[in-house]
Amino acid sequence: MKKSLFASVLALALSASTLAYAAPVIEEIKTAGVIRVGLGTFVPWAFPNKDGELIGFEVDVANKLAEDLGVKLELVPTAWDAIIPSLVSGQFDAIIGGLTITAERAKTVDFTIPYEHSQVYAVVNRKVAPDITTLEQLNNADVTFAKRRGSAAAAVDLFPLSKTVLFDDENTQQQEFFNGNVTALTVATPTQAILAEQYPEIVRVIEPATEQTDEGIAIRKDDPTSLAAFNEWIQKRTDDGWLQERFDYWFKGRAWADQVASN
Amino acid sequence: MLPGSRKPRFGWLDALILALVAGGIGYVFLQVGEVLNYQWKWSALPRFVLRYDEATASWIPNLLLLGVLTTLRLSIWGSLIGLVLGVLVGLLRVSPNLALRMFGTSYVETIRNIPPLVFLFIFFFFFASQLIPLTGIAPAVRSASPETLAVLNVLFGEPRQLTSFLSAAIALGMFGASYVAEIIRGGIESIEPGQWEAAKALGLRRGVTLRKIILPQALARVWPPLANEVILLVKFSSLASLVSVPDLTFQANQVGVTTRGMFEVWLVVAAIYFVICFGLASTFSALEKRSNRHLAR
């Protein structure tokens, strides 16, 4: 997922200026009896259902974590560009929002071990590029990608000859693609499958995935006690298969489709 | 209509202009229909304004209407802060004391020359995030009684988001205040010096003169630009969505992501903002006419 330059500069400035948080955040959470979790809106990570309530994989993970810690959960839906500065400035205690672990972000926040793994796929507009069926063909000066900020880096390495247009959110990125102004876009699982199902005459998913990514819980820096506690929880819920079961529910199947307003 | 001017008539030029405008709008819609590969889905939207809750058998506001309420609250608090602070700073700007005058000038020039979004980010992430925890508002809200929470909910919206709401309202107010201050200063300086001199001749002190004689006249003169400032502030309030205050713009984004109907949502949201701002503009001009009735006689 993405993060703008401005947001990262701001976050860096903040991490330098913010006072060191004395107590581990895990202790603060237990004392307050509440964990505040920041997340962005992406289907099916976290998004409002028809009744305006947040649902999604990240919401399930945050609920389970709160339940296991014995505290209440406060979800703080946050503009994605502001999510890291908001964490650093203390608007919430942790990001559980499908935030991909990257070296750049790790300079500003600390990541736990991954609790989910996604793939990034290149999707081609059949009408614009009827002949493109392989990843190799995408590495061409005639190809333009629509990407979301932050997910761009890896694809640039794979397709150095292609051009890129960056977007802030999924909607505008996909609209540019459907308008036929770009050849291809990069999306994370399971968006490519949803798009292929909805627009079979336009969408062609190119196999294999261009990138494997790991997503972790992010907390403020220099807090080894809390990091260890979250890591332990993730390990436990990985070992007992709960995380995999929830992941499969949201990312492999479409059992949740009737809760979404568009269908 | 100016006295003596001709009665307006609908001529061929008017017809041509109307035809051109209608043609232009029609062309845009035709293009949207043909060029954009877009499936219009209006049906998903109404329930994001109001939805029927079967558990309580009643209609309850959903995201978009909640967003409108937050935008209104944000605008009202922002305007209040902006008007009060703006009048104070405006008075500083005309103070005989050099230090006070310089303080007022610094405030106005600093804030007025920073883009509103940048000011909001700086205020929100640097100041508010350091200062608001010191006030202990967040823990106090968590342990507040249900009655207190209900009052807070009416005044500021969802109490759990009180701190970010307050930060955004104060930032908007501070931003608006820098413009209000200039309007107030202009109003005060537009009052003829004879008024000051007459008051002085009557032996009134400066504070009394300002309060009883100068400000009432100045405020009556600057009423239209002040109203304009309030309307601008409603529109600026959409910036608060970027620091995650769940206002109309923020909720529109949420609804847009979940319905994948970006155009529908933004068209509806534009219409809502238009209705709010146009309504305010009409109200203000009606009030202005009313308050100026005595001048017409």
# chains A, B, ... in the order shown; residues from 1 in each chain; ligands from 1
>>> interface_residues(of="chain A", to="chain B", cutoff="7 Å", atoms="only C-alpha atoms", output="list in words")
Thr41, Phe42, Val43, Phe47, Pro48, Asp51, Gly52, Pro77, Thr78, Ala79, Ala82, Ser89, Gly90, Asn171, Phe178, Asn179, Val260, Ala261 and Ser262 of chain A
>>> residues_around(residues="region 181-191 of chain A", least_positions_apart="3", cutoff="10 Å", atoms="only C-alpha atoms", output="ChimeraX atom specification")
/A:1,42-45,117-130,132,138,142-148,151-152,155,162-165,170,173-178,194-197,203-206,209-213,250-254
>>> atom_distance(atom1="CA of Pro193 (chain B)", atom2="CA of Val230 (chain B)")
29.4 Å
>>> atom_distance(atom1="CA of Asn139 (chain A)", atom2="CA of Asp157 (chain A)")
9.9 Å
>>> closest_residue(among="A:Val37, A:Ala229, A:Ala23, A:Ile83", to="Asp60 (chain A)", atoms="only C-alpha atoms")
A:Val37
>>> select_by_dssp(residues="region 139-252 of chain A", states="strand (DSSP E or B)", output="ChimeraX atom specification")
/A:144-148,163-167,184-188,203-215,218-219
>>> atom_distance(atom1="CA of Pro159 (chain B)", atom2="CA of Val61 (chain A)")
24.2 Å
>>> residues_around(residues="region 90-92 of chain B", least_positions_apart="3", cutoff="8 Å", atoms="only C-alpha atoms", output="list in words")
Gly86, Val87, Ser95, Leu100, Arg101, Phe103, Gly104, Val180, Ala181, Glu182, Ile183, Ile184 and Arg185 of chain B
>>> closest_residue(among="A:Val88, A:Val76, A:Ile113, A:Leu243", to="Ile101 (chain A)", atoms="only C-alpha atoms")
A:Ile113
>>> residues_around(residues="Val59 (chain A)", least_positions_apart="5", cutoff="9 Å", atoms="only C-alpha atoms", output="PDB file with C-alpha atoms, in the first residue's frame")
ATOM      1  CA  LEU A  39      -6.505   1.348   9.588  1.00  0.00           C
ATOM      2  CA  TRP A  45      -8.902  -5.473   4.300  1.00  0.00           C
ATOM      3  CA  ALA A  46     -11.149  -3.007   6.087  1.00  0.00           C
ATOM      4  CA  PHE A  47     -14.198  -1.279   4.626  1.00  0.00           C
ATOM      5  CA  LEU A  54     -16.295  -1.576   9.437  1.00  0.00           C
ATOM      6  CA  LYS A  64      -9.254 -10.998  18.081  1.00  0.00           C
ATOM      7  CA  LEU A  75     -10.988   1.361  15.478  1.00  0.00           C
ATOM      8  CA  ILE A  96      -3.403  -3.162  11.828  1.00  0.00           C
ATOM      9  CA  GLY A  97      -4.246  -2.209   8.295  1.00  0.00           C
TER      10      GLY A  97
END
>>> select_by_dssp(residues="region 31-280 of chain B", states="helix (DSSP H, G or I)", output="PDB file with C-alpha atoms, in the first residue's frame")
ATOM      1  CA  GLN B  31     -18.645  12.237 -23.575  1.00  0.00           C
ATOM      2  CA  VAL B  32     -19.016  10.797 -20.083  1.00  0.00           C
ATOM      3  CA  GLY B  33     -21.443   8.236 -21.469  1.00  0.00           C
ATOM      4  CA  GLU B  34     -19.357   7.265 -24.469  1.00  0.00           C
ATOM      5  CA  PRO B  46     -29.455   6.149  -0.663  1.00  0.00           C
ATOM      6  CA  ARG B  47     -28.873   3.633   2.119  1.00  0.00           C
ATOM      7  CA  PHE B  48     -25.569   5.347   2.942  1.00  0.00           C
ATOM      8  CA  VAL B  49     -27.593   8.449   3.802  1.00  0.00           C
ATOM      9  CA  LEU B  63     -22.098   7.307   6.850  1.00  0.00           C
ATOM     10  CA  LEU B  64     -22.973  10.182   4.502  1.00  0.00           C
ATOM     11  CA  LEU B  65     -25.510  11.825   6.810  1.00  0.00           C
ATOM     12  CA  LEU B  66     -23.164  11.315   9.781  1.00  0.00           C
ATOM     13  CA  GLY B  67     -20.518  13.010   7.660  1.00  0.00           C
ATOM     14  CA  VAL B  68     -22.824  15.973   6.976  1.00  0.00           C
ATOM     15  CA  LEU B  69     -23.448  16.340  10.719  1.00  0.00           C
ATOM     16  CA  THR B  70     -19.702  16.259  11.438  1.00  0.00           C
ATOM     17  CA  THR B  71     -19.075  18.843   8.716  1.00  0.00           C
ATOM     18  CA  LEU B  72     -21.754  21.106  10.213  1.00  0.00           C
ATOM     19  CA  ARG B  73     -20.350  20.715  13.743  1.00  0.00           C
ATOM     20  CA  LEU B  74     -16.842  21.347  12.481  1.00  0.00           C
ATOM     21  CA  SER B  75     -17.993  24.443  10.576  1.00  0.00           C
ATOM     22  CA  ILE B  76     -19.962  25.847  13.509  1.00  0.00           C
ATOM     23  CA  TRP B  77     -17.134  25.408  16.035  1.00  0.00           C
ATOM     24  CA  GLY B  78     -14.523  26.532  13.538  1.00  0.00           C
ATOM     25  CA  SER B  79     -16.560  29.664  12.745  1.00  0.00           C
ATOM     26  CA  LEU B  80     -17.141  30.465  16.418  1.00  0.00           C
ATOM     27  CA  ILE B  81     -13.447  30.126  17.222  1.00  0.00           C
ATOM     28  CA  GLY B  82     -12.526  32.006  14.065  1.00  0.00           C
ATOM     29  CA  LEU B  83     -14.911  34.911  14.725  1.00  0.00           C
ATOM     30  CA  VAL B  84     -14.031  35.343  18.417  1.00  0.00           C
ATOM     31  CA  LEU B  85     -10.299  34.931  17.917  1.00  0.00           C
ATOM     32  CA  GLY B  86     -10.446  37.003  14.734  1.00  0.00           C
ATOM     33  CA  VAL B  87     -12.121  39.937  16.485  1.00  0.00           C
ATOM     34  CA  LEU B  88      -9.512  39.789  19.278  1.00  0.00           C
ATOM     35  CA  VAL B  89      -6.612  39.691  16.834  1.00  0.00           C
ATOM     36  CA  GLY B  90      -8.266  42.411  14.760  1.00  0.00           C
ATOM     37  CA  LEU B  91      -8.371  44.616  17.873  1.00  0.00           C
ATOM     38  CA  LEU B  92      -4.685  43.858  18.489  1.00  0.00           C
ATOM     39  CA  ARG B  93      -3.977  45.015  14.950  1.00  0.00           C
ATOM     40  CA  LEU B  98       3.298  48.594  19.529  1.00  0.00           C
ATOM     41  CA  ALA B  99       3.994  45.167  21.077  1.00  0.00           C
ATOM     42  CA  LEU B 100       0.323  44.129  20.830  1.00  0.00           C
ATOM     43  CA  ARG B 101       0.110  45.448  17.285  1.00  0.00           C
ATOM     44  CA  MET B 102       3.196  43.491  16.267  1.00  0.00           C
ATOM     45  CA  PHE B 103       1.827  40.353  17.887  1.00  0.00           C
ATOM     46  CA  GLY B 104      -1.402  40.718  15.923  1.00  0.00           C
ATOM     47  CA  THR B 105       0.466  41.376  12.699  1.00  0.00           C
ATOM     48  CA  SER B 106       2.727  38.352  13.217  1.00  0.00           C
ATOM     49  CA  TYR B 107      -0.274  36.101  13.801  1.00  0.00           C
ATOM     50  CA  VAL B 108      -2.081  37.289  10.692  1.00  0.00           C
ATOM     51  CA  GLU B 109       0.930  37.265   8.396  1.00  0.00           C
ATOM     52  CA  THR B 110       2.227  33.860   9.569  1.00  0.00           C
ATOM     53  CA  ILE B 111      -1.036  31.986   9.188  1.00  0.00           C
ATOM     54  CA  ARG B 112      -2.320  33.808   6.136  1.00  0.00           C
ATOM     55  CA  PRO B 116      -4.545  25.779   4.940  1.00  0.00           C
ATOM     56  CA  LEU B 117      -3.671  22.104   4.501  1.00  0.00           C
ATOM     57  CA  VAL B 118      -0.057  22.612   5.561  1.00  0.00           C
ATOM     58  CA  PHE B 119      -1.201  24.615   8.578  1.00  0.00           C
ATOM     59  CA  LEU B 120      -3.654  21.857   9.489  1.00  0.00           C
ATOM     60  CA  PHE B 121      -0.959  19.153   9.252  1.00  0.00           C
ATOM     61  CA  ILE B 122       1.520  21.138  11.321  1.00  0.00           C
ATOM     62  CA  PHE B 123      -1.070  22.045  13.908  1.00  0.00           C
ATOM     63  CA  PHE B 124      -2.544  18.557  14.078  1.00  0.00           C
ATOM     64  CA  PHE B 125       0.609  16.467  14.186  1.00  0.00           C
ATOM     65  CA  PHE B 126       3.014  18.777  16.021  1.00  0.00           C
ATOM     66  CA  PHE B 127       0.955  20.886  18.413  1.00  0.00           C
ATOM     67  CA  ALA B 128      -2.280  19.065  19.063  1.00  0.00           C
ATOM     68  CA  SER B 129      -0.674  15.667  19.441  1.00  0.00           C
ATOM     69  CA  GLN B 130       1.689  17.038  22.086  1.00  0.00           C
ATOM     70  CA  LEU B 131      -0.718  19.370  23.894  1.00  0.00           C
ATOM     71  CA  ILE B 132      -4.036  17.541  23.949  1.00  0.00           C
ATOM     72  CA  PRO B 133      -2.714  14.489  25.886  1.00  0.00           C
ATOM     73  CA  LEU B 134      -1.598  16.930  28.611  1.00  0.00           C
ATOM     74  CA  THR B 135      -5.196  18.074  29.100  1.00  0.00           C
ATOM     75  CA  ILE B 137      -9.384  14.801  27.744  1.00  0.00           C
ATOM     76  CA  ALA B 138      -9.161  11.326  26.233  1.00  0.00           C
ATOM     77  CA  PRO B 139      -9.115   9.330  29.519  1.00  0.00           C
ATOM     78  CA  ALA B 140     -11.789  11.647  30.966  1.00  0.00           C
ATOM     79  CA  VAL B 141     -14.072  10.911  28.009  1.00  0.00           C
ATOM     80  CA  ARG B 142     -13.538   7.179  28.392  1.00  0.00           C
ATOM     81  CA  PRO B 146     -23.586   8.128  29.627  1.00  0.00           C
ATOM     82  CA  GLU B 147     -25.344  11.507  30.099  1.00  0.00           C
ATOM     83  CA  THR B 148     -22.098  13.432  29.586  1.00  0.00           C
ATOM     84  CA  LEU B 149     -21.332  11.300  26.543  1.00  0.00           C
ATOM     85  CA  ALA B 150     -24.757  12.042  25.075  1.00  0.00           C
ATOM     86  CA  VAL B 151     -24.179  15.791  25.464  1.00  0.00           C
ATOM     87  CA  LEU B 152     -20.685  15.504  23.993  1.00  0.00           C
ATOM     88  CA  ASN B 153     -22.126  13.514  21.109  1.00  0.00           C
ATOM     89  CA  VAL B 154     -24.569  16.301  20.225  1.00  0.00           C
ATOM     90  CA  LEU B 155     -21.919  19.014  20.516  1.00  0.00           C
ATOM     91  CA  PHE B 156     -18.859  17.376  18.997  1.00  0.00           C
ATOM     92  CA  PRO B 159     -16.847  11.290  21.805  1.00  0.00           C
ATOM     93  CA  ARG B 160     -14.068   8.785  21.087  1.00  0.00           C
ATOM     94  CA  GLN B 161     -12.906  11.054  18.275  1.00  0.00           C
ATOM     95  CA  LEU B 162     -13.208  14.184  20.385  1.00  0.00           C
ATOM     96  CA  THR B 163      -9.495  14.977  20.422  1.00  0.00           C
ATOM     97  CA  SER B 164      -9.005  14.875  16.663  1.00  0.00           C
ATOM     98  CA  PHE B 165     -12.264  16.789  16.168  1.00  0.00           C
ATOM     99  CA  LEU B 166     -11.144  19.508  18.587  1.00  0.00           C
ATOM    100  CA  SER B 167      -7.709  19.771  16.969  1.00  0.00           C
ATOM    101  CA  ALA B 168      -9.277  20.181  13.550  1.00  0.00           C
ATOM    102  CA  ALA B 169     -11.884  22.703  14.753  1.00  0.00           C
ATOM    103  CA  ILE B 170      -9.208  24.795  16.497  1.00  0.00           C
ATOM    104  CA  ALA B 171      -6.939  24.648  13.446  1.00  0.00           C
ATOM    105  CA  LEU B 172      -9.802  25.748  11.163  1.00  0.00           C
ATOM    106  CA  GLY B 173     -10.752  28.481  13.612  1.00  0.00           C
ATOM    107  CA  MET B 174      -7.183  29.756  13.874  1.00  0.00           C
ATOM    108  CA  PHE B 175      -6.909  29.781  10.112  1.00  0.00           C
ATOM    109  CA  GLY B 176     -10.206  31.605   9.686  1.00  0.00           C
ATOM    110  CA  ALA B 177      -9.244  34.063  12.445  1.00  0.00           C
ATOM    111  CA  SER B 178      -6.328  35.420  10.427  1.00  0.00           C
ATOM    112  CA  TYR B 179      -8.741  36.524   7.679  1.00  0.00           C
ATOM    113  CA  VAL B 180     -11.428  37.682  10.089  1.00  0.00           C
ATOM    114  CA  ALA B 181      -8.816  39.824  11.867  1.00  0.00           C
ATOM    115  CA  GLU B 182      -8.035  41.657   8.639  1.00  0.00           C
ATOM    116  CA  ILE B 183     -11.720  42.191   7.908  1.00  0.00           C
ATOM    117  CA  ILE B 184     -12.269  43.581  11.423  1.00  0.00           C
ATOM    118  CA  ARG B 185      -9.228  45.834  11.157  1.00  0.00           C
ATOM    119  CA  GLY B 186     -10.498  47.129   7.825  1.00  0.00           C
ATOM    120  CA  GLY B 187     -13.912  47.753   9.358  1.00  0.00           C
ATOM    121  CA  ILE B 188     -12.511  49.663  12.328  1.00  0.00           C
ATOM    122  CA  GLU B 189     -10.196  51.756  10.163  1.00  0.00           C
ATOM    123  CA  SER B 190     -13.086  52.622   7.844  1.00  0.00           C
ATOM    124  CA  PRO B 193     -11.754  59.684  12.671  1.00  0.00           C
ATOM    125  CA  GLY B 194     -14.404  62.222  13.670  1.00  0.00           C
ATOM    126  CA  GLN B 195     -16.190  59.500  15.630  1.00  0.00           C
ATOM    127  CA  TRP B 196     -13.062  58.829  17.713  1.00  0.00           C
ATOM    128  CA  GLU B 197     -12.543  62.537  18.238  1.00  0.00           C
ATOM    129  CA  ALA B 198     -16.173  63.130  19.222  1.00  0.00           C
ATOM    130  CA  ALA B 199     -15.984  60.294  21.752  1.00  0.00           C
ATOM    131  CA  LYS B 200     -12.765  61.661  23.142  1.00  0.00           C
ATOM    132  CA  ALA B 201     -14.322  65.118  23.407  1.00  0.00           C
ATOM    133  CA  ARG B 206     -10.695  54.193  24.452  1.00  0.00           C
ATOM    134  CA  GLY B 207     -12.175  50.843  25.520  1.00  0.00           C
ATOM    135  CA  VAL B 208     -15.662  52.290  25.910  1.00  0.00           C
ATOM    136  CA  THR B 209     -15.418  54.163  22.600  1.00  0.00           C
ATOM    137  CA  LEU B 210     -14.386  50.970  20.838  1.00  0.00           C
ATOM    138  CA  ARG B 211     -17.102  48.851  22.430  1.00  0.00           C
ATOM    139  CA  LYS B 212     -20.027  51.260  22.273  1.00  0.00           C
ATOM    140  CA  ILE B 213     -19.335  53.390  19.216  1.00  0.00           C
ATOM    141  CA  ILE B 214     -16.742  52.016  16.825  1.00  0.00           C
ATOM    142  CA  LEU B 215     -17.275  48.227  16.858  1.00  0.00           C
ATOM    143  CA  PRO B 216     -21.071  48.277  16.326  1.00  0.00           C
ATOM    144  CA  GLN B 217     -20.655  50.436  13.224  1.00  0.00           C
ATOM    145  CA  ALA B 218     -17.594  48.513  12.001  1.00  0.00           C
ATOM    146  CA  LEU B 219     -19.308  45.124  12.381  1.00  0.00           C
ATOM    147  CA  ALA B 220     -22.335  46.347  10.424  1.00  0.00           C
ATOM    148  CA  ARG B 221     -20.038  47.380   7.565  1.00  0.00           C
ATOM    149  CA  VAL B 222     -18.010  44.140   7.438  1.00  0.00           C
ATOM    150  CA  TRP B 223     -20.983  41.810   7.694  1.00  0.00           C
ATOM    151  CA  PRO B 224     -20.855  40.629   4.038  1.00  0.00           C
ATOM    152  CA  PRO B 225     -17.128  39.673   4.029  1.00  0.00           C
ATOM    153  CA  LEU B 226     -17.543  37.971   7.427  1.00  0.00           C
ATOM    154  CA  ALA B 227     -20.387  35.865   6.072  1.00  0.00           C
ATOM    155  CA  ASN B 228     -18.169  35.022   3.119  1.00  0.00           C
ATOM    156  CA  GLU B 229     -15.467  33.852   5.543  1.00  0.00           C
ATOM    157  CA  VAL B 230     -17.916  31.477   7.238  1.00  0.00           C
ATOM    158  CA  ILE B 231     -18.853  29.963   3.874  1.00  0.00           C
ATOM    159  CA  LEU B 232     -15.178  29.577   2.966  1.00  0.00           C
ATOM    160  CA  LEU B 233     -14.623  27.833   6.281  1.00  0.00           C
ATOM    161  CA  VAL B 234     -17.345  25.272   5.503  1.00  0.00           C
ATOM    162  CA  LYS B 235     -15.468  24.409   2.334  1.00  0.00           C
ATOM    163  CA  PHE B 236     -12.063  24.355   4.055  1.00  0.00           C
ATOM    164  CA  SER B 237     -13.506  21.949   6.623  1.00  0.00           C
ATOM    165  CA  SER B 238     -13.218  19.222   3.984  1.00  0.00           C
ATOM    166  CA  LEU B 239      -9.446  19.335   4.571  1.00  0.00           C
ATOM    167  CA  ALA B 240     -10.045  17.823   8.005  1.00  0.00           C
ATOM    168  CA  SER B 241     -10.771  14.538   6.243  1.00  0.00           C
ATOM    169  CA  LEU B 242      -7.010  14.244   5.688  1.00  0.00           C
ATOM    170  CA  VAL B 243      -6.400  14.108   9.426  1.00  0.00           C
ATOM    171  CA  LEU B 248     -18.532  14.508   4.735  1.00  0.00           C
ATOM    172  CA  THR B 249     -15.432  14.255   2.537  1.00  0.00           C
ATOM    173  CA  PHE B 250     -13.884  11.491   4.641  1.00  0.00           C
ATOM    174  CA  GLN B 251     -17.097   9.450   4.712  1.00  0.00           C
ATOM    175  CA  ALA B 252     -17.568   9.998   0.971  1.00  0.00           C
ATOM    176  CA  ASN B 253     -14.170   8.418   0.422  1.00  0.00           C
ATOM    177  CA  GLN B 254     -15.152   5.459   2.602  1.00  0.00           C
ATOM    178  CA  VAL B 255     -18.432   5.019   0.739  1.00  0.00           C
ATOM    179  CA  GLY B 256     -16.651   5.435  -2.609  1.00  0.00           C
ATOM    180  CA  VAL B 257     -14.218   2.640  -1.764  1.00  0.00           C
ATOM    181  CA  THR B 258     -16.862   0.232  -0.606  1.00  0.00           C
ATOM    182  CA  THR B 259     -19.401   0.894  -3.398  1.00  0.00           C
ATOM    183  CA  MET B 262     -16.680   7.131  -7.128  1.00  0.00           C
ATOM    184  CA  PHE B 263     -18.490   9.503  -9.542  1.00  0.00           C
ATOM    185  CA  GLU B 264     -21.903   9.016  -7.940  1.00  0.00           C
ATOM    186  CA  VAL B 265     -20.557   9.626  -4.448  1.00  0.00           C
ATOM    187  CA  TRP B 266     -18.597  12.758  -5.348  1.00  0.00           C
ATOM    188  CA  LEU B 267     -21.489  14.219  -7.359  1.00  0.00           C
ATOM    189  CA  VAL B 268     -23.795  13.720  -4.397  1.00  0.00           C
ATOM    190  CA  VAL B 269     -21.218  15.186  -2.013  1.00  0.00           C
ATOM    191  CA  ALA B 270     -20.700  18.226  -4.245  1.00  0.00           C
ATOM    192  CA  ALA B 271     -24.462  18.749  -4.269  1.00  0.00           C
ATOM    193  CA  ILE B 272     -24.595  18.526  -0.456  1.00  0.00           C
ATOM    194  CA  TYR B 273     -21.784  21.083  -0.036  1.00  0.00           C
ATOM    195  CA  PHE B 274     -23.524  23.329  -2.556  1.00  0.00           C
ATOM    196  CA  VAL B 275     -26.804  23.179  -0.675  1.00  0.00           C
ATOM    197  CA  ILE B 276     -25.073  23.977   2.644  1.00  0.00           C
ATOM    198  CA  CYS B 277     -23.032  26.888   1.262  1.00  0.00           C
ATOM    199  CA  PHE B 278     -25.787  28.303  -0.941  1.00  0.00           C
ATOM    200  CA  GLY B 279     -28.202  28.058   1.973  1.00  0.00           C
ATOM    201  CA  LEU B 280     -25.762  29.954   4.175  1.00  0.00           C
TER     202      LEU B 280
END
